[in-house]
Structures are given as C-alpha cells and as structure tokens.
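What follows is upload_33.cif (mmCIF, C-alpha atoms).
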```
data_start
loop_
_atom_site.label_atom_id
_atom_site.label_comp_id
_atom_site.auth_asym_id
_atom_site.auth_seq_id
_atom_site.Cartn_x
_atom_site.Cartn_y
_atom_site.Cartn_z
CA MET A 177 84.44 105.43 115.65
CA THR A 178 85.51 108.42 113.59
CA GLN A 179 88.15 108.54 110.87
CA ASP A 180 88.00 112.19 109.88
CA ASN A 181 91.24 114.16 109.45
CA LEU A 182 93.23 110.95 109.50
CA PHE A 183 96.65 112.04 108.37
CA SER A 184 98.98 113.90 106.10
CA LEU A 185 102.33 113.01 104.55
CA ALA A 186 105.01 112.12 107.05
CA ASP A 187 107.87 114.49 107.79
CA PRO A 188 111.07 112.59 106.90
CA ASP A 189 113.01 114.63 109.46
CA ILE A 190 110.82 113.25 112.25
CA MET A 191 110.55 109.60 111.26
CA SER A 192 112.15 107.37 108.64
CA GLN A 193 108.62 106.29 107.74
CA GLN A 194 105.12 107.53 108.49
CA SER A 195 104.00 107.20 112.12
CA ILE A 196 100.46 106.07 112.92
CA ILE A 197 98.95 107.55 116.09
CA LEU A 198 95.70 106.32 117.64
CA ILE A 199 93.86 108.89 119.78
CA THR A 200 91.11 107.81 122.19
CA GLU A 201 89.41 110.88 123.62
CA PRO A 202 85.66 111.24 124.45
CA ASP A 203 85.83 115.05 124.30
CA GLN A 204 85.44 115.83 120.59
CA GLU A 205 86.92 119.32 120.89
CA ILE A 206 90.08 118.04 122.57
CA SER A 207 90.29 115.13 120.11
CA ASN A 208 90.08 117.51 117.14
CA HIS A 209 92.71 119.81 118.63
CA ILE A 210 95.18 116.93 119.21
CA THR A 211 94.52 115.57 115.71
CA GLN A 212 95.20 118.90 114.04
CA LEU A 213 98.31 119.43 116.14
CA LEU A 214 99.80 116.03 115.22
CA GLU A 215 98.80 116.15 111.58
CA LYS A 216 100.74 119.39 111.22
CA ASP A 217 103.81 117.40 112.29
CA GLY A 218 103.14 114.92 109.48
CA HIS A 219 101.69 111.99 111.43
CA LEU A 220 98.90 109.65 110.34
CA VAL A 221 96.11 109.99 112.91
CA MET A 222 93.06 107.85 113.70
CA THR A 223 90.56 108.84 116.40
CA THR A 224 88.21 106.83 118.62
CA SER A 225 85.98 107.97 121.47
CA ASN A 226 86.04 105.12 124.01
CA GLY A 227 88.09 102.16 125.20
CA GLU A 228 86.19 99.49 123.26
CA GLU A 229 86.71 101.32 119.97
CA CYS A 230 90.36 101.84 120.85
CA LEU A 231 90.99 98.12 121.38
CA GLU A 232 89.27 97.20 118.12
CA ALA A 233 91.14 99.88 116.16
CA TYR A 234 94.47 98.84 117.71
CA LYS A 235 94.07 95.26 116.44
CA ASN A 236 93.50 96.55 112.90
CA ILE A 237 96.13 99.26 112.52
CA MET A 238 98.85 98.47 115.12
CA PRO A 239 99.78 102.15 115.69
CA ASN A 240 103.19 103.45 116.70
CA LEU A 241 101.69 105.45 119.58
CA VAL A 242 98.39 105.39 121.51
CA ILE A 243 97.10 108.51 123.31
CA LEU A 244 94.39 107.73 125.89
CA ASP A 245 92.21 109.87 128.12
CA ALA A 246 92.14 108.48 131.66
CA ARG A 247 88.42 109.18 132.09
CA MET A 248 86.33 107.32 129.52
CA PRO A 249 82.98 105.51 129.62
CA LYS A 250 82.84 101.70 130.03
CA ILE A 251 86.63 101.17 130.05
CA ASN A 252 88.78 103.89 131.59
CA GLY A 253 92.19 104.79 130.20
CA PHE A 254 94.15 102.77 132.77
CA GLU A 255 92.15 99.59 132.11
CA CYS A 256 92.36 100.15 128.36
CA CYS A 257 96.13 100.52 128.58
CA SER A 258 96.41 97.19 130.45
CA LYS A 259 94.29 95.47 127.80
CA LEU A 260 96.46 96.95 125.04
CA LEU A 261 99.50 95.32 126.62
CA LYS A 262 97.76 91.93 126.55
CA LEU A 263 96.71 92.44 122.92
CA SER A 264 100.20 93.39 121.79
CA GLY A 265 101.92 90.37 123.32
CA SER A 266 105.70 90.80 123.29
CA THR A 267 105.48 94.08 121.36
CA SER A 268 104.57 96.67 124.01
CA PRO A 269 102.87 99.75 122.51
CA GLN A 270 104.06 103.27 123.29
CA THR A 271 101.13 104.65 125.33
CA LEU A 272 100.55 108.19 126.59
CA ILE A 273 97.73 108.75 129.12
CA ILE A 274 96.03 112.14 129.52
CA THR A 275 94.67 112.65 133.03
CA GLY A 276 93.02 115.51 134.88
CA LEU A 277 94.60 114.28 138.10
CA ASP A 278 98.20 114.83 139.10
CA GLU A 279 98.30 113.26 142.56
CA GLU A 280 100.52 110.30 143.35
CA GLU A 281 97.69 107.75 143.01
CA SER A 282 96.98 108.81 139.43
CA VAL A 283 100.67 108.68 138.51
CA ASN A 284 100.97 105.19 140.00
CA LEU A 285 97.87 104.00 138.15
CA ALA A 286 99.28 105.27 134.85
CA PHE A 287 102.56 103.41 135.15
CA GLU A 288 101.07 100.29 136.76
CA SER A 289 98.76 99.99 133.75
CA GLY A 290 101.82 99.88 131.47
CA ALA A 291 101.70 103.45 130.16
CA SER A 292 104.92 104.83 128.72
CA ASP A 293 104.14 108.32 130.02
CA PHE A 294 101.32 110.67 131.10
CA ILE A 295 100.42 114.35 130.93
CA THR A 296 97.86 116.30 132.96
CA LYS A 297 94.95 118.53 131.99
CA PRO A 298 94.68 121.29 131.05
CA ILE A 299 96.92 120.10 128.24
CA ARG A 300 99.94 122.24 127.49
CA TRP A 301 100.18 121.72 123.74
CA PRO A 302 103.95 122.35 123.27
CA ILE A 303 104.62 119.71 125.95
CA LEU A 304 102.28 117.23 124.28
CA LYS A 305 104.08 117.74 120.95
CA GLN A 306 107.48 117.13 122.52
CA ARG A 307 106.29 114.04 124.44
CA VAL A 308 104.89 112.57 121.23
CA ARG A 309 108.14 113.33 119.40
CA ILE A 310 110.23 111.70 122.14
CA HIS A 311 108.11 108.53 122.28
CA LEU A 312 108.04 108.14 118.51
CA GLU A 313 111.80 108.56 118.43
CA ASN A 314 112.13 105.90 121.15
CA ASN A 315 109.88 103.65 119.11
CA ARG A 316 111.98 104.30 115.99
CA LEU A 317 115.21 103.44 117.82
CA LYS A 318 113.63 100.28 119.23
CA LYS A 319 112.53 99.16 115.77
CA GLN A 320 115.93 100.03 114.34
CA LEU A 321 117.53 97.74 116.92
CA GLU A 322 115.03 94.98 116.11
CA GLU A 323 115.68 95.36 112.39
CA THR A 324 119.44 95.14 112.95
CA THR A 325 118.90 91.97 114.97
CA HIS A 326 116.69 90.56 112.22
CA LYS A 327 119.31 91.30 109.58
CA LEU A 328 121.93 89.45 111.61
CA LEU A 329 119.57 86.50 111.94
CA GLN A 330 118.80 86.59 108.24
CA LEU A 331 122.46 86.22 107.38
CA SER A 332 122.48 82.79 109.02
CA SER A 333 118.88 81.61 108.63
CA MET A 334 116.64 80.04 106.00
CA ASP A 335 114.80 81.73 103.15
CA GLU A 336 111.49 81.06 104.95
CA PHE A 337 112.50 83.45 107.73
CA LYS A 338 113.29 86.17 105.19
CA GLN A 339 109.94 85.63 103.49
CA LEU A 340 108.15 85.93 106.85
CA THR A 341 109.89 89.26 107.52
CA ASN A 342 108.89 90.52 104.06
CA ARG A 343 105.32 89.45 104.75
CA GLN A 344 105.15 91.39 108.03
CA PHE A 345 106.43 94.54 106.31
CA PHE A 346 103.96 94.08 103.45
CA LEU A 347 100.98 93.73 105.83
CA LYS A 348 102.09 96.88 107.65
CA GLN A 349 102.16 98.76 104.34
CA ILE A 350 98.61 97.60 103.61
CA GLN A 351 97.53 99.29 106.86
CA VAL A 352 99.37 102.50 105.99
CA GLU A 353 98.00 102.66 102.44
CA TRP A 354 94.47 101.83 103.65
CA LEU A 355 94.48 104.90 105.88
CA ARG A 356 95.92 107.04 103.10
CA MET A 357 93.17 105.90 100.70
CA VAL A 358 90.52 106.79 103.30
CA ARG A 359 91.83 110.33 103.32
CA GLU A 360 92.12 110.56 99.55
CA GLU A 361 88.81 108.74 98.97
CA SER A 362 90.54 106.51 96.45
CA HIS A 363 90.63 102.78 95.68
CA LEU A 364 93.13 100.29 97.08
CA SER A 365 93.76 97.03 95.23
CA LEU A 366 95.71 93.92 96.16
CA MET A 367 96.83 91.34 93.63
CA ILE A 368 98.36 87.97 94.49
CA CYS A 369 100.09 86.11 91.66
CA GLU A 370 101.31 82.51 91.65
CA ILE A 371 103.17 80.53 89.02
CA ASP A 372 101.02 77.59 88.00
CA GLY A 373 102.50 74.25 88.98
CA PHE A 374 105.63 75.85 90.44
CA GLU A 375 106.32 73.04 92.92
CA THR A 376 106.25 70.53 90.07
CA TYR A 377 108.50 72.81 88.04
CA ALA A 378 111.03 72.99 90.90
CA ASP A 379 110.98 69.21 91.33
CA THR A 380 111.53 68.72 87.58
CA TYR A 381 114.08 71.40 86.75
CA GLY A 382 115.89 71.86 90.07
CA GLN A 383 116.45 74.70 92.51
CA ILE A 384 118.77 76.86 90.40
CA GLN A 385 116.50 76.88 87.34
CA SER A 386 113.36 77.43 89.46
CA ASP A 387 115.02 80.44 91.12
CA GLN A 388 115.84 81.84 87.67
CA CYS A 389 112.24 81.27 86.57
CA LEU A 390 110.86 83.06 89.63
CA SER A 391 113.26 85.96 89.09
CA GLN A 392 112.10 86.36 85.47
CA VAL A 393 108.43 86.31 86.50
CA ASP A 394 109.16 88.78 89.30
CA ASP A 395 110.82 91.14 86.79
CA SER A 396 107.82 90.87 84.45
CA ILE A 397 105.44 91.80 87.28
CA ASN A 398 107.54 94.78 88.37
CA GLN A 399 107.89 96.02 84.80
CA SER A 400 104.11 95.96 84.47
CA LEU A 401 103.78 98.23 87.53
CA ASN A 402 104.97 101.71 86.63
CA ARG A 403 104.27 103.82 89.75
CA PRO A 404 106.57 104.38 92.75
CA ALA A 405 103.76 103.69 95.26
CA ASP A 406 103.14 100.16 93.91
CA LEU A 407 104.72 97.54 96.15
CA THR A 408 105.56 93.88 95.51
CA THR A 409 106.87 91.14 97.77
CA ARG A 410 107.56 87.41 97.49
CA TYR A 411 105.46 85.23 99.75
CA GLY A 412 107.31 81.96 99.32
CA GLY A 413 107.11 79.30 96.63
CA GLY A 414 105.94 80.84 93.37
CA LYS A 415 103.69 83.43 95.01
CA ILE A 416 104.16 87.21 94.61
CA ALA A 417 101.86 89.89 96.09
CA ALA A 418 101.38 93.40 94.67
CA LEU A 419 99.75 96.34 96.50
CA LEU A 420 98.27 99.01 94.22
CA PRO A 421 97.17 102.29 95.87
CA ASN A 422 94.93 104.69 93.91
CA THR A 423 93.94 101.84 91.58
CA SER A 424 90.35 100.84 90.82
CA LEU A 425 89.22 97.29 90.04
CA GLU A 426 89.10 98.15 86.34
CA GLY A 427 92.67 99.45 86.44
CA THR A 428 93.85 96.42 88.40
CA LEU A 429 92.29 94.02 85.90
CA HIS A 430 94.12 95.86 83.09
CA ILE A 431 97.44 95.47 84.94
CA ALA A 432 96.69 91.81 85.73
CA GLU A 433 96.06 91.01 82.05
CA LYS A 434 99.29 92.82 81.18
CA ILE A 435 101.19 90.68 83.71
CA ARG A 436 99.58 87.44 82.51
CA GLY A 437 100.55 88.25 78.93
CA ALA A 438 104.09 89.27 79.91
CA VAL A 439 104.67 85.99 81.77
CA ALA A 440 103.33 83.95 78.83
CA ALA A 441 105.62 85.95 76.49
CA LEU A 442 108.65 84.70 78.46
CA ALA A 443 107.86 81.26 76.99
CA ILE A 444 109.68 79.45 79.79
CA PRO A 445 109.34 75.70 79.06
CA HIS A 446 107.28 73.75 81.61
CA GLN A 447 106.97 70.21 80.26
CA SER A 448 105.82 68.79 83.60
CA THR A 449 102.39 70.47 83.59
CA ALA A 450 99.31 68.91 82.02
CA PHE A 451 97.58 72.07 80.78
CA SER A 452 100.44 74.10 79.24
CA ASP A 453 103.95 73.55 77.91
CA ILE A 454 105.16 76.95 79.17
CA ILE A 455 105.08 78.81 82.48
CA THR A 456 101.72 80.51 83.17
CA ILE A 457 100.45 82.53 86.10
CA SER A 458 97.21 82.76 88.10
CA LEU A 459 96.09 86.00 89.77
CA GLY A 460 93.67 86.72 92.62
CA ILE A 461 92.42 90.29 93.12
CA ALA A 462 90.73 92.18 95.96
CA SER A 463 89.78 95.82 95.37
CA VAL A 464 87.98 98.23 97.70
CA LEU A 465 87.19 101.89 98.25
CA PRO A 466 88.23 102.26 101.92
CA CYS A 467 85.72 104.21 103.99
CA THR A 468 84.72 104.38 107.65
CA GLN A 469 84.84 100.59 108.02
CA LEU A 470 88.41 99.49 108.66
CA MET A 471 89.36 96.04 107.33
CA GLY A 472 92.40 94.38 108.85
CA ALA A 473 95.42 93.89 106.59
CA GLY A 474 95.20 90.12 107.10
CA SER A 475 91.54 90.03 106.04
CA PHE A 476 92.23 92.10 102.93
CA TYR A 477 95.09 89.78 101.99
CA GLN A 478 92.91 86.70 102.57
CA SER A 479 90.27 88.10 100.20
CA ALA A 480 92.82 88.26 97.37
CA ASP A 481 94.29 84.89 98.32
CA LYS A 482 90.81 83.34 98.20
CA ALA A 483 90.43 84.63 94.64
CA LEU A 484 93.83 83.16 93.75
CA SER A 485 92.81 79.74 95.10
CA LYS A 486 89.71 79.83 92.91
CA ALA A 487 91.78 80.75 89.85
CA LYS A 488 94.08 77.80 90.45
CA ALA A 489 91.16 75.44 91.11
CA GLU A 490 89.62 76.45 87.76
CA GLY A 491 92.75 75.38 85.89
CA GLY A 492 95.17 78.26 86.27
CA ASP A 493 96.35 80.88 83.76
CA ARG A 494 93.45 83.17 84.68
CA ILE A 495 92.33 86.11 86.83
CA VAL A 496 89.66 85.91 89.55
CA VAL A 497 88.24 88.74 91.68
CA THR A 498 86.84 88.42 95.20
CA PRO A 499 84.02 90.94 95.70
CA ILE A 500 84.24 93.02 98.92
CA ASP A 501 81.11 94.69 100.31
#
```
Kindly return the structure encoded in the file as structure tokens.
Amino acid sequence: MTQDNLFSLADPDIMSQQSIILITEPDQEISNHITQLLEKDGHLVMTTSNGEECLEAYKNIMPNLVILDARMPKINGFECCSKLLKLSGSTSPQTLIITGLDEEESVNLAFESGASDFITKPIRWPILKQRVRIHLENNRLKKQLEETTHKLLQLSSMDEFKQLTNRQFFLKQIQVEWLRMVREESHLSLMICEIDGFETYADTYGQIQSDQCLSQVDDSINQSLNRPADLTTRYGGGKIAALLPNTSLEGTLHIAEKIRGAVAALAIPHQSTAFSDIITISLGIASVLPCTQLMGAGSFYQSADKALSKAKAEGGDRIVVTPID
C-alpha cells in the first residue's frame, strides 16, 4: 500500500470540506497521473494497488469517493465494489470504475456491482476530472440532506444523540488530520479529559450546577488551546476530547499540564469526592508520528481513552500517556 502524494489543501469552491479519494490502480503510472490530477483540484488522495488493500484502506479512512480499476489481481474491480457496499452498510460509497472494455457486458457488470459510474480506457483526463467533480458534488448534497435531517432530529431528541453526532464528526476529523500529518511528516496528538467524580458531582449538586461546571471546564480547555486547527468535542458525562495536529508528545504534555492547572484554579467546590475538595481533571494522551501504517480513528481514540482510564484508576488529577509503536 502506498501513501505518497496523499493530498493538498481542499479547494473551498469545490467542497465545503476536504474530500478524501481512494484510488485502487495496479498500474503505477496511471495511479500517479490520477493522483496528480486530483491533488491539483485540492483533494486528499490515498492510493492502493489491489482490491485487498482497497478494502482495508476503506475501513480506516471512509473516503468520499473510490476509484477502481476493473482489472486487478486477486479481487477484480467489480468484486471489490460489491464488497465495499457490504462494508459500508447503509452508507453506500460513491464508486467510479475504470475499465478497458466498453461493451454492454462490462457496463452491466459495473452497475450490478453497485458502482456509481464508470469510464473506459484510454482515460480521457478532462472527463475523469468532471466525473469526479460531479460525484463529489452529489456526495456533498447527500450529506447536506442528511445533516439537515439530523438537525431536525436533534431539535426533538436527547443530548445523547447530539453527543453521538459530535463523536462521529470528531472521528472523521481524526482521519482527515492523520492523512494531513502523513504528508507534512508531523505529529498528531489526541487528549481525552474527564472531570474526576463528575457523576457524583451531578448527583450531589444537580443538573443545572453540573452543566455550569462542565461549561467552565470546557472553557478552560479551549483557552489552553491557542491554534485554529485544534479541535475539541464533548463525549458525554464529564469527558472532553481534544485533537492536536502538528503537536509532539512533549508539546501535548505541556498543554495537558496547563489544562490541569487551569481547572484546579477554577476552585469549583466538590465536597462529595474523597480525594479533593475541588473539581480536578484526569487526562489520557496518545501521540504518534503518522507514517505508512494507517491506524483507524477508533483505535487512536481508544489508545488515549485507555490512558485516561489508567489515570482515573490511579486516583485522578493526573496525566497518563499510552505509548504507540
């Protein structure tokens, strides 16, 4: 699996956010040409050379568009497309198949496999660019409709549903930033913070005061992060996650200590805890220099969450790091 020439900054006129395109093409020359073509349009691009690599990569990055060659070793493009549909469940991927055949049988195979479209070889590059643009736009409109539906549901649903939506967006951003850090050869860090004994605090002081407490802690965390690329989200209860691109472990530890001190400085009374009379916070950290090995967003999050669990088990009000090979 190759991850060279992954991406460049997205063109805001094309998409409201960066588009991730997965290319599966055994011919390296063609693969490179497609990659360069799409990167010039501002897309994030990942390349694989066969169907097995494509399926594995798809599970990790969940791209907006998959471009497949029909003729590939082990698993051909049509079979791979069918397997992608099974992997994606209810969310059907936009899939474009490249085939050297233009007879009716090949066309039928492409659409029967679940492909969104196909183009024939030799590839006419202006047509490929326009097909990609059209399918990404269709994907954008589909997501826009889904987001509108979600917003309507959120207006009449519980906080847990909103937190789940935030979580899905946050995991997607981990994937996007991971790919960006591969290109920039820079560190990516994830920090998960949790207020110690927050459930007990909520039971003791009530919902209104616990919401105010969480809001104050949230503000302290955000004030400690001073770069536009840093992203935070609430994960339910007293848990807040922070994604820190271009940040080494050393830098993340510095920020974590700053957050821990800022929360303690709030001096929010917490008489119901055995180890402190004020609100404290525990932090779990995972930090990595992304390279050719692609870790799933869920696995990266679990690494930080594991560190958080250890911090809490050791008494809270501390920082723990999970090493990643």
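Relative to CA of Val283 (chain A), CA of Ala246 (chain A) is found at 10.9 Å.
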Nearest to Ser289 (chain A), chosen from A:Lys318, A:Lys259, A:Lys305, A:Lys486, with only C-alpha atoms counted in the distances: A:Lys259
Just say which residues the PyMOL selection byres ((chain A and resi 261) around 12) picks in this file, as a ChimeraX atom specification. /A:231,234-235,238,242,254-260,262-271,288-292
For Lys250 (chain A): contacts at 9 Å, all atoms listed in the file, fewer than 3 positions along chain excluded, given as a PDB file with C-alpha atoms, keeping the file's coordinate frame:
```pdb
ATOM      1  CA  ASN A 226      86.040 105.120 124.010  1.00  0.00           C
ATOM      2  CA  GLY A 227      88.090 102.160 125.200  1.00  0.00           C
ATOM      3  CA  GLU A 228      86.190  99.490 123.260  1.00  0.00           C
TER       4      GLU A 228
END
```
Expand the PyMOL selection byres ((chain A and resi 389) around 10) into the explicit residue set it covers here, and present it as a ChimeraX atom specification. /A:371,374,377-378,383-388,390-395,414,442,444-445,455
Atom-to-atom span, CA of Gln344 (chain A) and CA of Lys319 (chain A), Å: 13.2 Å
In file coordinates, which residues lie within 7 Å of (97.4, 111.8, 126.2) using only C-alpha atoms, given as a ChimeraX atom specification? /A:243-245,272-274,294-295
Take the residues just selected and output them with C-alpha atoms as a tab-separated table (two decimals), in the frame of the given file.
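File written: result.tsv
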```tsv
chain	number	residue	atom	x	y	z
A	243	ILE	CA	97.10	108.51	123.31
A	244	LEU	CA	94.39	107.73	125.89
A	245	ASP	CA	92.21	109.87	128.12
A	272	LEU	CA	100.55	108.19	126.59
A	273	ILE	CA	97.73	108.75	129.12
A	274	ILE	CA	96.03	112.14	129.52
A	294	PHE	CA	101.32	110.67	131.10
A	295	ILE	CA	100.42	114.35	130.93
```
Mind pulling up the distance from CA of Leu241 (chain A) to CA of Ile199 (chain A)? 8.6 Å
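For the residues A:Glu313, A:Leu425, A:Gly413, A:Ile435, ranking by smallest atom-to-atom distance to Leu401 (chain A) using all atoms listed in the file places A:Ile435 first.
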Could you tell me which of A:Arg247, A:Lys415, A:Arg356, A:Lys216 comes closest to Asp481 (chain A) if we count all atoms listed in the file? A:Lys415
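Among A:Gln320, A:Ser396, A:Ser195, A:Gln351, the residue with the shortest atom-to-atom distance to Val308 (chain A), counting all atoms listed in the file, is A:Ser195.
Among the candidates A:Glu215, A:Asp406, A:Glu323, A:Glu229, the residue lying nearest to Met367 (chain A) is A:Asp406 (atoms considered: all atoms listed in the file).
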Where's the centre, and what are the edge lengths in Å to one decimal, of a box along x, y and z enclosing all listed atoms of region 472-478 of chain A padded 4 Å per side, as AutoDock Vina command-line options?
```
--center_x 93.5 --center_y 90.5 --center_z 105.4 --size_x 11.9 --size_y 15.7 --size_z 14.9
```
Once the PyMOL selection byres ((chain A and resi 346-348) around 10) is applied to the coordinates I shared, what remains selected? I want it as a list in words. Ile237, Met238, Pro239, Leu340, Thr341, Asn342, Arg343, Gln344, Phe345, Gln349, Ile350, Gln351, Val352, Glu353, Trp354, Leu407, Thr408, Thr409, Arg410, Tyr411, Ala417, Ala418, Leu419, Gly472, Ala473, Gly474, Phe476 and Tyr477 of chain A
Just the residues within 10 Å of Pro499 (chain A), please, counting only C-alpha atoms, with nothing from its chain fewer than 3 positions along; format it as an NGL selection string. :A and (425 or 461-464 or 479-480 or 483 or 496)
Taking only C-alpha atoms, show region 289-317 of chain A of the given structure as a PDB file, in the first residue's frame.
```pdb
ATOM      1  CA  SER A 289     -21.635  -4.407  -8.653  1.00  0.00           C
ATOM      2  CA  GLY A 290     -23.016  -1.156  -7.208  1.00  0.00           C
ATOM      3  CA  ALA A 291     -20.734   1.298  -8.996  1.00  0.00           C
ATOM      4  CA  SER A 292     -21.948   4.880  -9.228  1.00  0.00           C
ATOM      5  CA  ASP A 293     -20.355   5.317 -12.664  1.00  0.00           C
ATOM      6  CA  PHE A 294     -17.613   4.034 -14.992  1.00  0.00           C
ATOM      7  CA  ILE A 295     -15.180   5.367 -17.580  1.00  0.00           C
ATOM      8  CA  THR A 296     -13.239   3.491 -20.251  1.00  0.00           C
ATOM      9  CA  LYS A 297      -9.551   3.322 -21.135  1.00  0.00           C
ATOM     10  CA  PRO A 298      -7.684   5.063 -22.561  1.00  0.00           C
ATOM     11  CA  ILE A 299      -8.678   7.581 -19.912  1.00  0.00           C
ATOM     12  CA  ARG A 300      -9.713  10.991 -21.155  1.00  0.00           C
ATOM     13  CA  TRP A 301      -8.449  13.132 -18.298  1.00  0.00           C
ATOM     14  CA  PRO A 302     -10.863  16.105 -18.638  1.00  0.00           C
ATOM     15  CA  ILE A 303     -13.776  13.641 -18.486  1.00  0.00           C
ATOM     16  CA  LEU A 304     -12.331  11.942 -15.403  1.00  0.00           C
ATOM     17  CA  LYS A 305     -11.993  15.320 -13.659  1.00  0.00           C
ATOM     18  CA  GLN A 306     -15.599  16.237 -14.416  1.00  0.00           C
ATOM     19  CA  ARG A 307     -16.933  12.819 -13.334  1.00  0.00           C
ATOM     20  CA  VAL A 308     -15.077  13.135 -10.038  1.00  0.00           C
ATOM     21  CA  ARG A 309     -16.413  16.662  -9.542  1.00  0.00           C
ATOM     22  CA  ILE A 310     -19.993  15.547 -10.246  1.00  0.00           C
ATOM     23  CA  HIS A 311     -19.853  12.570  -7.868  1.00  0.00           C
ATOM     24  CA  LEU A 312     -18.278  14.587  -5.073  1.00  0.00           C
ATOM     25  CA  GLU A 313     -20.954  17.224  -5.518  1.00  0.00           C
ATOM     26  CA  ASN A 314     -23.632  14.505  -5.358  1.00  0.00           C
ATOM     27  CA  ASN A 315     -21.992  13.196  -2.212  1.00  0.00           C
ATOM     28  CA  ARG A 316     -21.921  16.709  -0.728  1.00  0.00           C
ATOM     29  CA  LEU A 317     -25.619  17.239  -1.458  1.00  0.00           C
TER      30      LEU A 317
END
```
